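As stored in my_file_31.csv (CSV, C-alpha atoms):
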```csv
chain,number,residue,atom,x,y,z
H,1387,MET,CA,0.0,0.0,0.0
H,1388,LYS,CA,1.2,3.5,-0.9
H,1389,ILE,CA,0.6,6.7,0.9
H,1390,PRO,CA,1.1,9.6,-1.5
H,1391,GLY,CA,3.1,12.6,-0.4
H,1392,TYR,CA,3.6,16.0,-1.9
H,1393,ILE,CA,6.6,18.1,-2.7
H,1394,ASN,CA,6.3,21.6,-1.3
H,1395,TYR,CA,8.1,24.2,-3.4
H,1396,GLY,CA,7.6,26.8,-0.7
H,1397,TYR,CA,10.8,25.5,0.9
H,1398,ARG,CA,14.4,25.8,-0.5
H,1399,PRO,CA,15.2,23.2,-1.5
H,1400,PRO,CA,11.7,21.9,-1.9
H,1401,ALA,CA,10.5,19.5,0.9
H,1402,PRO,CA,8.5,16.3,1.0
H,1403,PHE,CA,5.2,16.3,3.0
H,1404,VAL,CA,2.2,14.1,3.7
H,1405,ALA,CA,-1.3,15.2,4.7
H,1406,ALA,CA,-2.4,13.7,8.0
H,1407,ALA,CA,-5.3,13.7,10.4
H,1408,ILE,CA,-4.3,13.4,14.1
H,1409,LEU,CA,-6.2,12.4,17.2
H,1410,LEU,CA,-4.6,13.7,20.4
H,1411,ARG,CA,-6.3,11.3,22.7
H,1412,GLN,CA,-5.4,12.9,26.0
H,1413,LEU,CA,-6.6,16.3,24.8
H,1414,ASN,CA,-9.6,14.7,23.0
H,1415,MET,CA,-8.7,16.8,19.9
H,1416,ARG,CA,-8.9,16.0,16.3
H,1417,ALA,CA,-6.9,18.0,13.8
H,1418,ARG,CA,-5.6,18.0,10.3
H,1419,LEU,CA,-2.1,19.0,9.4
H,1420,PRO,CA,0.6,18.7,6.8
H,1421,LEU,CA,3.7,16.9,8.1
H,1422,LEU,CA,7.2,17.3,6.9
H,1423,LEU,CA,8.8,13.9,6.2
H,1424,ASP,CA,12.0,14.4,8.3
H,1425,THR,CA,14.3,11.4,8.6
H,1426,GLY,CA,16.5,13.6,10.8
H,1427,ALA,CA,13.9,13.8,13.5
H,1428,SER,CA,13.7,11.0,16.0
H,1429,ASN,CA,10.0,11.7,16.9
H,1430,THR,CA,6.9,13.1,15.3
H,1431,MET,CA,6.4,16.6,16.7
H,1432,ILE,CA,4.0,19.4,16.6
H,1433,LEU,CA,5.7,22.8,16.4
H,1434,TRP,CA,4.7,26.3,17.3
H,1435,GLY,CA,2.6,27.4,14.3
H,1436,ASP,CA,0.3,24.3,14.5
H,1437,ILE,CA,0.2,24.5,18.3
H,1438,GLU,CA,-1.3,28.0,17.9
H,1439,ARG,CA,-3.7,27.0,15.2
H,1440,LEU,CA,-4.8,24.0,17.1
H,1441,GLY,CA,-5.0,25.9,20.4
H,1442,ILE,CA,-3.2,23.1,22.3
H,1443,ASP,CA,-2.9,23.6,26.1
H,1444,THR,CA,0.1,21.5,27.3
H,1445,SER,CA,-0.2,22.5,31.0
H,1446,LYS,CA,-2.0,19.3,32.0
H,1447,MET,CA,0.1,16.9,30.0
H,1448,LYS,CA,2.9,14.6,31.0
H,1449,PRO,CA,6.3,15.9,32.1
H,1450,GLU,CA,8.3,17.2,29.2
H,1451,ARG,CA,11.4,15.7,27.6
H,1452,GLU,CA,14.3,17.5,26.1
H,1453,PHE,CA,15.3,17.1,22.5
H,1454,SER,CA,18.5,18.3,21.0
H,1455,GLY,CA,18.7,20.0,17.6
H,1456,LEU,CA,20.9,22.5,15.8
H,1457,GLY,CA,19.1,25.4,17.6
H,1458,GLY,CA,19.9,23.9,21.0
H,1459,LEU,CA,17.6,22.0,23.5
H,1460,ILE,CA,13.9,22.2,23.2
H,1461,GLY,CA,11.3,20.8,25.6
H,1462,ALA,CA,8.3,18.8,24.4
H,1463,LYS,CA,5.6,16.8,26.0
H,1464,PRO,CA,4.5,13.3,24.7
H,1465,THR,CA,0.9,12.6,24.2
H,1466,ALA,CA,-0.8,9.3,23.1
H,1467,SER,CA,-2.0,9.9,19.6
H,1468,THR,CA,-3.3,8.3,16.4
H,1469,ILE,CA,-2.1,9.6,13.1
H,1470,SER,CA,-4.2,8.8,10.2
H,1471,LEU,CA,-2.9,8.7,6.6
H,1472,ARG,CA,-4.6,8.0,3.4
H,1473,SER,CA,-3.4,5.5,0.8
H,1474,ASP,CA,-3.5,6.1,-2.9
H,1475,LYS,CA,-6.6,3.8,-3.1
H,1476,GLY,CA,-8.4,5.8,-0.4
H,1477,GLU,CA,-7.7,3.2,2.3
H,1478,PRO,CA,-7.3,4.6,5.8
H,1479,ILE,CA,-4.0,3.8,7.6
H,1480,GLU,CA,-3.5,4.5,11.3
H,1481,GLU,CA,-0.4,4.7,13.4
H,1482,ASN,CA,-0.5,4.9,17.1
H,1483,VAL,CA,2.4,6.8,18.5
H,1484,GLU,CA,3.3,9.3,21.2
H,1485,VAL,CA,3.4,12.6,19.4
H,1486,HIS,CA,5.5,15.3,21.1
H,1487,ILE,CA,4.1,18.8,21.5
H,1488,VAL,CA,6.8,21.5,21.8
H,1489,THR,CA,6.6,23.3,25.1
H,1490,SER,CA,9.5,25.6,24.8
H,1491,ALA,CA,8.5,29.2,24.1
H,1492,CYS,CA,8.8,30.1,20.4
H,1493,PRO,CA,12.1,32.0,20.3
H,1494,HIS,CA,11.3,34.0,17.2
H,1495,PRO,CA,8.0,34.7,15.3
H,1496,LYS,CA,9.6,33.3,12.1
H,1497,LEU,CA,9.8,29.9,13.7
H,1498,LYS,CA,6.0,29.7,13.6
H,1499,LEU,CA,6.5,29.1,9.9
H,1500,LEU,CA,8.2,25.8,10.6
H,1501,PRO,CA,6.0,22.8,9.8
H,1502,SER,CA,5.2,20.0,12.2
H,1503,ILE,CA,7.3,16.9,11.6
H,1504,LEU,CA,6.7,13.2,10.8
H,1505,GLY,CA,9.7,11.6,12.4
H,1506,ARG,CA,11.5,8.3,12.3
H,1507,ASP,CA,9.1,6.8,14.9
H,1508,ILE,CA,6.7,6.5,12.0
H,1509,ILE,CA,8.8,6.7,8.9
H,1510,ASN,CA,10.8,3.7,10.0
H,1511,LYS,CA,7.7,1.6,9.6
H,1512,TYR,CA,7.6,2.3,5.9
H,1513,ILE,CA,9.7,2.4,2.8
H,1514,LEU,CA,10.2,6.0,1.9
H,1515,ASN,CA,10.3,6.6,-1.8
H,1516,TYR,CA,11.4,10.1,-2.8
H,1517,SER,CA,12.6,11.3,-6.2
H,1518,TYR,CA,12.7,15.0,-6.4
H,1519,ASP,CA,13.6,14.9,-10.1
H,1520,ALA,CA,10.5,12.8,-10.8
H,1521,GLY,CA,8.4,15.0,-8.5
H,1522,LYS,CA,7.3,11.9,-6.6
H,1523,VAL,CA,7.2,11.0,-2.9
H,1524,HIS,CA,5.3,8.3,-1.1
H,1525,LEU,CA,5.5,6.0,1.9
H,1526,GLU,CA,5.0,2.3,1.3
H,1527,LYS,CA,4.3,-0.8,3.4
Q,663,MET,CA,-10.8,5.0,11.4
Q,664,SER,CA,-14.3,6.2,11.1
Q,665,GLU,CA,-15.7,7.0,7.7
Q,666,ASP,CA,-15.9,10.7,8.8
Q,667,VAL,CA,-12.1,10.8,9.4
Q,668,ALA,CA,-11.5,9.1,6.0
Q,669,ILE,CA,-13.6,11.6,4.2
Q,670,ALA,CA,-12.0,14.5,6.1
Q,671,LEU,CA,-8.6,13.2,5.3
Q,672,THR,CA,-9.5,12.9,1.6
Q,673,ASP,CA,-10.7,16.5,1.6
Q,674,PHE,CA,-7.6,17.7,3.5
Q,675,ASN,CA,-5.4,16.0,0.9
Q,676,LYS,CA,-7.3,17.7,-1.9
Q,677,ASP,CA,-6.9,21.1,-0.2
Q,678,PHE,CA,-3.2,20.6,0.4
Q,679,GLN,CA,-2.6,19.5,-3.2
Q,680,TRP,CA,-4.6,22.6,-4.4
Q,681,PHE,CA,-2.6,24.9,-2.2
Q,682,LEU,CA,0.7,23.5,-3.5
Q,683,ARG,CA,-0.4,23.7,-7.1
Q,684,SER,CA,-1.8,27.2,-6.7
Q,685,ARG,CA,1.1,28.6,-4.7
Q,686,ASP,CA,2.4,30.9,-7.4
Q,687,GLU,CA,-1.1,32.3,-8.1
Q,688,LEU,CA,-1.9,32.7,-4.4
Q,689,LEU,CA,1.4,34.5,-3.9
Q,690,LEU,CA,0.4,37.2,-6.2
Q,691,LYS,CA,-2.6,38.1,-4.0
Q,692,TYR,CA,-1.4,37.0,-0.5
Q,693,GLU,CA,2.3,37.5,-0.3
Q,694,ASP,CA,3.7,37.1,3.2
Q,695,LYS,CA,0.3,36.3,4.6
Q,696,TRP,CA,-1.2,33.3,6.4
Q,697,VAL,CA,-4.0,31.9,4.4
Q,698,ALA,CA,-6.8,29.6,5.6
Q,699,ILE,CA,-8.1,27.2,3.0
Q,700,HIS,CA,-11.1,24.9,2.9
Q,701,SER,CA,-12.7,23.1,-0.1
Q,702,LYS,CA,-10.1,24.6,-2.4
Q,703,LYS,CA,-11.1,28.2,-1.4
Q,704,VAL,CA,-9.3,30.9,0.5
Q,705,LEU,CA,-11.5,31.6,3.5
Q,706,ASP,CA,-9.5,34.3,5.1
Q,707,THR,CA,-5.9,35.7,5.3
Q,708,ASP,CA,-3.9,37.8,7.7
Q,709,GLU,CA,-0.2,38.8,8.3
Q,710,ASN,CA,-0.6,37.5,11.8
Q,711,LEU,CA,-1.4,33.9,12.6
Q,712,THR,CA,-2.9,34.7,16.0
Q,713,THR,CA,-5.3,37.3,14.5
Q,714,LEU,CA,-6.3,34.9,11.7
Q,715,VAL,CA,-7.0,32.0,14.1
Q,716,LYS,CA,-9.1,34.3,16.4
Q,717,ARG,CA,-11.1,35.5,13.4
Q,718,LEU,CA,-11.7,32.0,12.1
Q,719,LYS,CA,-13.1,31.0,15.5
Q,720,ALA,CA,-15.2,34.2,15.7
Q,721,LYS,CA,-16.8,33.0,12.4
Q,722,GLY,CA,-17.6,29.7,14.0
Q,723,LEU,CA,-15.0,27.9,12.0
Q,724,LYS,CA,-12.6,25.3,13.5
Q,725,PRO,CA,-9.0,26.3,12.7
Q,726,GLU,CA,-7.8,22.8,13.6
Q,727,GLN,CA,-9.8,21.3,10.7
Q,728,ILE,CA,-8.6,23.9,8.2
Q,729,LEU,CA,-5.4,24.1,6.2
Q,730,VAL,CA,-3.5,27.2,7.3
Q,731,GLN,CA,-0.3,28.0,5.5
Q,732,PHE,CA,2.1,30.9,5.2
Q,733,LEU,CA,2.8,32.3,1.7
Q,734,SER,CA,6.3,33.4,1.8
Q,735,LYS,CA,7.7,35.1,-1.3
Q,736,GLU,CA,11.1,33.7,-0.4
Q,737,PRO,CA,11.1,30.0,0.0
Q,738,ILE,CA,11.7,28.9,3.6
Q,739,GLU,CA,15.1,27.7,4.4
Q,740,ALA,CA,15.4,25.7,7.6
Q,741,ILE,CA,17.3,22.9,9.3
Q,742,LEU,CA,15.1,20.9,11.6
```
Mind converting the file's structure to C-alpha cells?
Amino acid sequence: MKIPGYINYGYRPPAPFVAAAILLRQLNMRARLPLLLDTGASNTMILWGDIERLGIDTSKMKPEREFSGLGGLIGAKPTASTISLRSDKGEPIEENVEVHIVTSACPHPKLKLLPSILGRDIINKYILNYSYDAGKVHLEK
Amino acid sequence: MSEDVAIALTDFNKDFQWFLRSRDELLLKYEDKWVAIHSKKVLDTDENLTTLVKRLKAKGLKPEQILVQFLSKEPIEAIL
C-alpha cells in the first residue's frame, strides 16, 4: 500500500510532505495538518505554528522531555495519539504513537513558519520513496 | 478509522494539493500572509497567525480542521 506525499516548493530546497489527520487522545482533539517527512527527527512533533492553530494547552500533559537540535535543546511533552494517513486507493492507515508537543517558548516569530514533523518513529515503519527529479514521494508498506 | 475521518482526510489531501499547485497564483494576492483554505477556497488571510485564528473562531470555523499555510515570497530555508 502506498501513501502519496507531496513536494512543497515553498521551501528551499523543496521539501516532502504528507497530509495527515491526528487524534490527540489525552486532549480529545482531532486536527488535520501537513507533516514534513523528516528522517533527521527521532520523533513526530507538533511545532509552534500548529500549536497556535490547534489551540493546544500543554499545561495538564505529562512531564516534558528534552530534545537536541541545531538550535539547542527544546522541551516537548509526549501525548498518546493516532495519526491517520490516506493510501492512494483511499484506504485509511492508522499509526498509534506518542506525538510530542513542543513546550519551549517560540524563540522568534519566524519559527512559527516551521512545519510539524513526521519523524522516524513512523517513517521507519515504511519504505520512503522520494525522487525530487521525478516529482514523486510516497510512503510504502 | 471512522468514515468521517477518512472523508475528512480525503478533503484535506485535496486542499493541500490545491494549495501546493496554486502557490504561485496565491502568492500574487497574498504574499507574506497566512491563508486559511477549505474546499479549495481561501476563507481568510492575515499577516498575523494569532489574528487569523481568532477571526476564524469568531466566524464559527474550526482552525484545527482547516489548512492554514504561510505564503512566503522567499522559500523557507530551515534545518530541523
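Between chain Q and the residues H:Thr1489, H:Thr1444, H:Ser1470, H:Asn1414, the shortest atom-to-atom distance, using all atoms listed in the file, involves H:Ser1470.
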Checklist entry - Hey, what's within 12 Å of Asn1482 in chain H if we count all atoms listed in the file and toss same-chain stuff fewer than 4 positions away? As a ChimeraX atom specification, please? => result /H:1408-1411,1430,1465-1471,1507-1508,1511 /Q:663
Checklist entry - Which one is closest to chain H: Q:Ala740, Q:Arg717, Q:Glu726, Q:Gln731? Count all atoms listed in the file. => result Q:Glu726
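Straight-line separation from CA of Ala1462 in chain H to CA of Ile1442 in chain H: 12.5 Å.
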Give me, as JSON lines, each residue of chain H that comes within 9 Å of chain Q, together with its shortest interatomic pair and the distance in Å at one decimal, counting all atoms listed in the file, with rows ordered by chain and rising residue number.
```
{"residue": "H:Tyr1392", "atom": "CA", "partner": "Q:Gln679", "partner_atom": "CA", "distance": 7.2}
{"residue": "H:Ile1393", "atom": "CA", "partner": "Q:Leu682", "partner_atom": "CA", "distance": 8.0}
{"residue": "H:Asn1394", "atom": "CA", "partner": "Q:Leu682", "partner_atom": "CA", "distance": 6.3}
{"residue": "H:Tyr1395", "atom": "CA", "partner": "Q:Pro737", "partner_atom": "CA", "distance": 7.4}
{"residue": "H:Gly1396", "atom": "CA", "partner": "Q:Pro737", "partner_atom": "CA", "distance": 4.8}
{"residue": "H:Tyr1397", "atom": "CA", "partner": "Q:Ile738", "partner_atom": "CA", "distance": 4.4}
{"residue": "H:Arg1398", "atom": "CA", "partner": "Q:Glu739", "partner_atom": "CA", "distance": 5.3}
{"residue": "H:Pro1399", "atom": "CA", "partner": "Q:Glu739", "partner_atom": "CA", "distance": 7.4}
{"residue": "H:Pro1400", "atom": "CA", "partner": "Q:Pro737", "partner_atom": "CA", "distance": 8.3}
{"residue": "H:Val1404", "atom": "CA", "partner": "Q:Asn675", "partner_atom": "CA", "distance": 8.3}
{"residue": "H:Ala1405", "atom": "CA", "partner": "Q:Asn675", "partner_atom": "CA", "distance": 5.6}
{"residue": "H:Ala1406", "atom": "CA", "partner": "Q:Leu671", "partner_atom": "CA", "distance": 6.8}
{"residue": "H:Ala1407", "atom": "CA", "partner": "Q:Leu671", "partner_atom": "CA", "distance": 6.1}
{"residue": "H:Met1415", "atom": "CA", "partner": "Q:Glu726", "partner_atom": "CA", "distance": 8.7}
{"residue": "H:Arg1416", "atom": "CA", "partner": "Q:Glu726", "partner_atom": "CA", "distance": 7.4}
{"residue": "H:Ala1417", "atom": "CA", "partner": "Q:Glu726", "partner_atom": "CA", "distance": 4.9}
{"residue": "H:Arg1418", "atom": "CA", "partner": "Q:Gln727", "partner_atom": "CA", "distance": 5.4}
{"residue": "H:Leu1419", "atom": "CA", "partner": "Q:Leu729", "partner_atom": "CA", "distance": 6.9}
{"residue": "H:Pro1420", "atom": "CA", "partner": "Q:Phe678", "partner_atom": "CA", "distance": 7.7}
{"residue": "H:Asp1424", "atom": "CA", "partner": "Q:Leu742", "partner_atom": "CA", "distance": 7.9}
{"residue": "H:Gly1426", "atom": "CA", "partner": "Q:Leu742", "partner_atom": "CA", "distance": 7.5}
{"residue": "H:Ala1427", "atom": "CA", "partner": "Q:Leu742", "partner_atom": "CA", "distance": 7.4}
{"residue": "H:Gly1435", "atom": "CA", "partner": "Q:Leu711", "partner_atom": "CA", "distance": 7.8}
{"residue": "H:Asp1436", "atom": "CA", "partner": "Q:Glu726", "partner_atom": "CA", "distance": 8.3}
{"residue": "H:Glu1438", "atom": "CA", "partner": "Q:Thr712", "partner_atom": "CA", "distance": 7.1}
{"residue": "H:Arg1439", "atom": "CA", "partner": "Q:Pro725", "partner_atom": "CA", "distance": 5.9}
{"residue": "H:Leu1440", "atom": "CA", "partner": "Q:Glu726", "partner_atom": "CA", "distance": 4.8}
{"residue": "H:Gly1441", "atom": "CA", "partner": "Q:Glu726", "partner_atom": "CA", "distance": 8.0}
{"residue": "H:Gly1455", "atom": "CA", "partner": "Q:Leu742", "partner_atom": "CA", "distance": 7.1}
{"residue": "H:Leu1456", "atom": "CA", "partner": "Q:Leu742", "partner_atom": "CA", "distance": 7.3}
{"residue": "H:Gly1457", "atom": "CA", "partner": "Q:Leu742", "partner_atom": "CA", "distance": 8.5}
{"residue": "H:Ser1470", "atom": "CA", "partner": "Q:Met663", "partner_atom": "CA", "distance": 7.7}
{"residue": "H:Leu1471", "atom": "CA", "partner": "Q:Leu671", "partner_atom": "CA", "distance": 7.4}
{"residue": "H:Arg1472", "atom": "CA", "partner": "Q:Leu671", "partner_atom": "CA", "distance": 6.8}
{"residue": "H:Gly1476", "atom": "CA", "partner": "Q:Thr672", "partner_atom": "CA", "distance": 7.5}
{"residue": "H:Glu1477", "atom": "CA", "partner": "Q:Ala668", "partner_atom": "CA", "distance": 7.9}
{"residue": "H:Pro1478", "atom": "CA", "partner": "Q:Ala668", "partner_atom": "CA", "distance": 6.2}
{"residue": "H:Ile1479", "atom": "CA", "partner": "Q:Met663", "partner_atom": "CA", "distance": 7.9}
{"residue": "H:Glu1480", "atom": "CA", "partner": "Q:Met663", "partner_atom": "CA", "distance": 7.3}
{"residue": "H:Lys1498", "atom": "CA", "partner": "Q:Leu711", "partner_atom": "CA", "distance": 8.6}
{"residue": "H:Leu1499", "atom": "CA", "partner": "Q:Phe732", "partner_atom": "CA", "distance": 6.7}
{"residue": "H:Leu1500", "atom": "CA", "partner": "Q:Ala740", "partner_atom": "CA", "distance": 7.8}
{"residue": "H:Ile1503", "atom": "CA", "partner": "Q:Leu742", "partner_atom": "CA", "distance": 8.8}
```
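When only C-alpha atoms are used to measure the gap to Tyr1518 in chain H, the shortest distance among H:Leu1413, H:Leu1433, H:Val1485, H:Ala1401 belongs to H:Ala1401.
Distances to Arg1451 in chain H were evaluated for H:Ser1502, H:Thr1425, H:Ser1490, H:Asn1510 using all atoms listed in the file, and the minimum falls at H:Ser1490.
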Next on the checklist: Would you compute the distance between CA of Lys1475 in chain H and CA of Ile1389 in chain H? Give it in Å to one decimal.
Outcome noted: 8.7 Å
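Every residue within 6 Å of the file position (1.6, 8.0, 1.6), judged by only C-alpha atoms, is given as Lys1388, Ile1389, Pro1390, Gly1391, Ser1473, His1524 and Leu1525 of chain H.
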Could the residues in this selection be saved with C-alpha atoms as a tab-separated table (two decimals), keeping the file's coordinate frame?
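As a result, selection37.tsv now contains:
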```tsv
chain	number	residue	atom	x	y	z
H	1388	LYS	CA	1.20	3.50	-0.90
H	1389	ILE	CA	0.60	6.70	0.90
H	1390	PRO	CA	1.10	9.60	-1.50
H	1391	GLY	CA	3.10	12.60	-0.40
H	1473	SER	CA	-3.40	5.50	0.80
H	1524	HIS	CA	5.30	8.30	-1.10
H	1525	LEU	CA	5.50	6.00	1.90
```
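Going from CA of Glu709 in chain Q to CA of Ser684 in chain Q covers 19.0 Å.
Between Leu1423 in chain H and the residues H:Lys1522, H:Lys1446, H:Arg1506, H:Lys1527, the shortest atom-to-atom distance, using all atoms listed in the file, involves H:Arg1506.
Using all atoms listed in the file, the smallest distance between any of H:Lys1463, H:Leu1504, H:Val1523, H:Lys1496 and Glu1481 in chain H comes from H:Leu1504.
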As a PDB file, in the coordinates of the input, the rebuilt range 1450-1482 of chain H with N, CA and C atoms:
```pdb
ATOM      1  N   GLU H1450       7.676  17.052  30.545  1.00  0.00           N
ATOM      2  CA  GLU H1450       8.300  17.200  29.200  1.00  0.00           C
ATOM      3  C   GLU H1450       9.655  16.480  29.168  1.00  0.00           C
ATOM      4  N   ARG H1451      10.072  16.245  27.938  1.00  0.00           N
ATOM      5  CA  ARG H1451      11.400  15.700  27.600  1.00  0.00           C
ATOM      6  C   ARG H1451      12.181  16.733  26.899  1.00  0.00           C
ATOM      7  N   GLU H1452      13.480  16.530  26.892  1.00  0.00           N
ATOM      8  CA  GLU H1452      14.300  17.500  26.100  1.00  0.00           C
ATOM      9  C   GLU H1452      14.821  16.788  24.863  1.00  0.00           C
ATOM     10  N   PHE H1453      14.820  17.556  23.799  1.00  0.00           N
ATOM     11  CA  PHE H1453      15.300  17.100  22.500  1.00  0.00           C
ATOM     12  C   PHE H1453      16.418  18.035  22.047  1.00  0.00           C
ATOM     13  N   SER H1454      17.474  17.463  21.494  1.00  0.00           N
ATOM     14  CA  SER H1454      18.500  18.300  21.000  1.00  0.00           C
ATOM     15  C   SER H1454      18.416  18.499  19.498  1.00  0.00           C
ATOM     16  N   GLY H1455      18.744  19.707  19.065  1.00  0.00           N
ATOM     17  CA  GLY H1455      18.700  20.000  17.600  1.00  0.00           C
ATOM     18  C   GLY H1455      19.784  21.072  17.378  1.00  0.00           C
ATOM     19  N   LEU H1456      19.838  21.513  16.121  1.00  0.00           N
ATOM     20  CA  LEU H1456      20.900  22.500  15.800  1.00  0.00           C
ATOM     21  C   LEU H1456      20.641  23.810  16.571  1.00  0.00           C
ATOM     22  N   GLY H1457      19.373  24.116  16.885  1.00  0.00           N
ATOM     23  CA  GLY H1457      19.100  25.400  17.600  1.00  0.00           C
ATOM     24  C   GLY H1457      19.267  25.241  19.103  1.00  0.00           C
ATOM     25  N   GLY H1458      19.679  24.076  19.592  1.00  0.00           N
ATOM     26  CA  GLY H1458      19.900  23.900  21.000  1.00  0.00           C
ATOM     27  C   GLY H1458      18.842  22.873  21.550  1.00  0.00           C
ATOM     28  N   LEU H1459      18.590  22.927  22.851  1.00  0.00           N
ATOM     29  CA  LEU H1459      17.600  22.000  23.500  1.00  0.00           C
ATOM     30  C   LEU H1459      16.239  22.590  23.438  1.00  0.00           C
ATOM     31  N   ILE H1460      15.257  21.760  23.119  1.00  0.00           N
ATOM     32  CA  ILE H1460      13.900  22.200  23.200  1.00  0.00           C
ATOM     33  C   ILE H1460      13.102  21.200  24.093  1.00  0.00           C
ATOM     34  N   GLY H1461      12.114  21.711  24.816  1.00  0.00           N
ATOM     35  CA  GLY H1461      11.300  20.800  25.600  1.00  0.00           C
ATOM     36  C   GLY H1461      10.029  20.464  24.807  1.00  0.00           C
ATOM     37  N   ALA H1462       9.558  19.234  25.050  1.00  0.00           N
ATOM     38  CA  ALA H1462       8.300  18.800  24.400  1.00  0.00           C
ATOM     39  C   ALA H1462       7.663  17.741  25.261  1.00  0.00           C
ATOM     40  N   LYS H1463       6.340  17.722  25.221  1.00  0.00           N
ATOM     41  CA  LYS H1463       5.600  16.800  26.000  1.00  0.00           C
ATOM     42  C   LYS H1463       4.964  15.701  25.127  1.00  0.00           C
ATOM     43  N   PRO H1464       5.114  14.414  25.523  1.00  0.00           N
ATOM     44  CA  PRO H1464       4.500  13.300  24.700  1.00  0.00           C
ATOM     45  C   PRO H1464       3.039  13.180  25.010  1.00  0.00           C
ATOM     46  N   THR H1465       2.284  12.845  23.984  1.00  0.00           N
ATOM     47  CA  THR H1465       0.900  12.600  24.200  1.00  0.00           C
ATOM     48  C   THR H1465       0.429  11.429  23.273  1.00  0.00           C
ATOM     49  N   ALA H1466      -0.311  10.493  23.841  1.00  0.00           N
ATOM     50  CA  ALA H1466      -0.800   9.300  23.100  1.00  0.00           C
ATOM     51  C   ALA H1466      -1.673   9.813  21.930  1.00  0.00           C
ATOM     52  N   SER H1467      -1.338   9.375  20.735  1.00  0.00           N
ATOM     53  CA  SER H1467      -2.000   9.900  19.600  1.00  0.00           C
ATOM     54  C   SER H1467      -2.223   8.842  18.500  1.00  0.00           C
ATOM     55  N   THR H1468      -3.160   9.098  17.637  1.00  0.00           N
ATOM     56  CA  THR H1468      -3.300   8.300  16.400  1.00  0.00           C
ATOM     57  C   THR H1468      -3.179   9.195  15.228  1.00  0.00           C
ATOM     58  N   ILE H1469      -2.242   8.843  14.383  1.00  0.00           N
ATOM     59  CA  ILE H1469      -2.100   9.600  13.100  1.00  0.00           C
ATOM     60  C   ILE H1469      -2.675   8.791  12.016  1.00  0.00           C
ATOM     61  N   SER H1470      -3.537   9.434  11.269  1.00  0.00           N
ATOM     62  CA  SER H1470      -4.200   8.800  10.200  1.00  0.00           C
ATOM     63  C   SER H1470      -3.702   9.326   8.834  1.00  0.00           C
ATOM     64  N   LEU H1471      -3.362   8.397   7.954  1.00  0.00           N
ATOM     65  CA  LEU H1471      -2.900   8.700   6.600  1.00  0.00           C
ATOM     66  C   LEU H1471      -3.790   8.070   5.601  1.00  0.00           C
ATOM     67  N   ARG H1472      -3.700   8.527   4.381  1.00  0.00           N
ATOM     68  CA  ARG H1472      -4.600   8.000   3.400  1.00  0.00           C
ATOM     69  C   ARG H1472      -3.791   7.365   2.238  1.00  0.00           C
ATOM     70  N   SER H1473      -4.141   6.129   1.888  1.00  0.00           N
ATOM     71  CA  SER H1473      -3.400   5.500   0.800  1.00  0.00           C
ATOM     72  C   SER H1473      -3.909   6.005  -0.537  1.00  0.00           C
ATOM     73  N   ASP H1474      -3.164   5.659  -1.587  1.00  0.00           N
ATOM     74  CA  ASP H1474      -3.500   6.100  -2.900  1.00  0.00           C
ATOM     75  C   ASP H1474      -4.875   5.530  -3.385  1.00  0.00           C
ATOM     76  N   LYS H1475      -5.306   4.443  -2.714  1.00  0.00           N
ATOM     77  CA  LYS H1475      -6.600   3.800  -3.100  1.00  0.00           C
ATOM     78  C   LYS H1475      -7.710   4.289  -2.113  1.00  0.00           C
ATOM     79  N   GLY H1476      -7.394   5.248  -1.284  1.00  0.00           N
ATOM     80  CA  GLY H1476      -8.400   5.800  -0.400  1.00  0.00           C
ATOM     81  C   GLY H1476      -8.520   4.980   0.925  1.00  0.00           C
ATOM     82  N   GLU H1477      -7.624   3.975   1.093  1.00  0.00           N
ATOM     83  CA  GLU H1477      -7.700   3.200   2.300  1.00  0.00           C
ATOM     84  C   GLU H1477      -7.138   3.977   3.489  1.00  0.00           C
ATOM     85  N   PRO H1478      -7.785   3.891   4.646  1.00  0.00           N
ATOM     86  CA  PRO H1478      -7.300   4.600   5.800  1.00  0.00           C
ATOM     87  C   PRO H1478      -6.124   3.760   6.471  1.00  0.00           C
ATOM     88  N   ILE H1479      -5.097   4.457   6.904  1.00  0.00           N
ATOM     89  CA  ILE H1479      -4.000   3.800   7.600  1.00  0.00           C
ATOM     90  C   ILE H1479      -3.719   4.574   8.877  1.00  0.00           C
ATOM     91  N   GLU H1480      -3.717   3.836   9.983  1.00  0.00           N
ATOM     92  CA  GLU H1480      -3.500   4.500  11.300  1.00  0.00           C
ATOM     93  C   GLU H1480      -2.239   4.064  11.934  1.00  0.00           C
ATOM     94  N   GLU H1481      -1.596   4.990  12.583  1.00  0.00           N
ATOM     95  CA  GLU H1481      -0.400   4.700  13.400  1.00  0.00           C
ATOM     96  C   GLU H1481      -0.598   5.287  14.769  1.00  0.00           C
ATOM     97  N   ASN H1482      -0.444   4.410  15.763  1.00  0.00           N
ATOM     98  CA  ASN H1482      -0.500   4.900  17.100  1.00  0.00           C
ATOM     99  C   ASN H1482       0.856   5.169  17.678  1.00  0.00           C
TER     100      ASN H1482
END
```
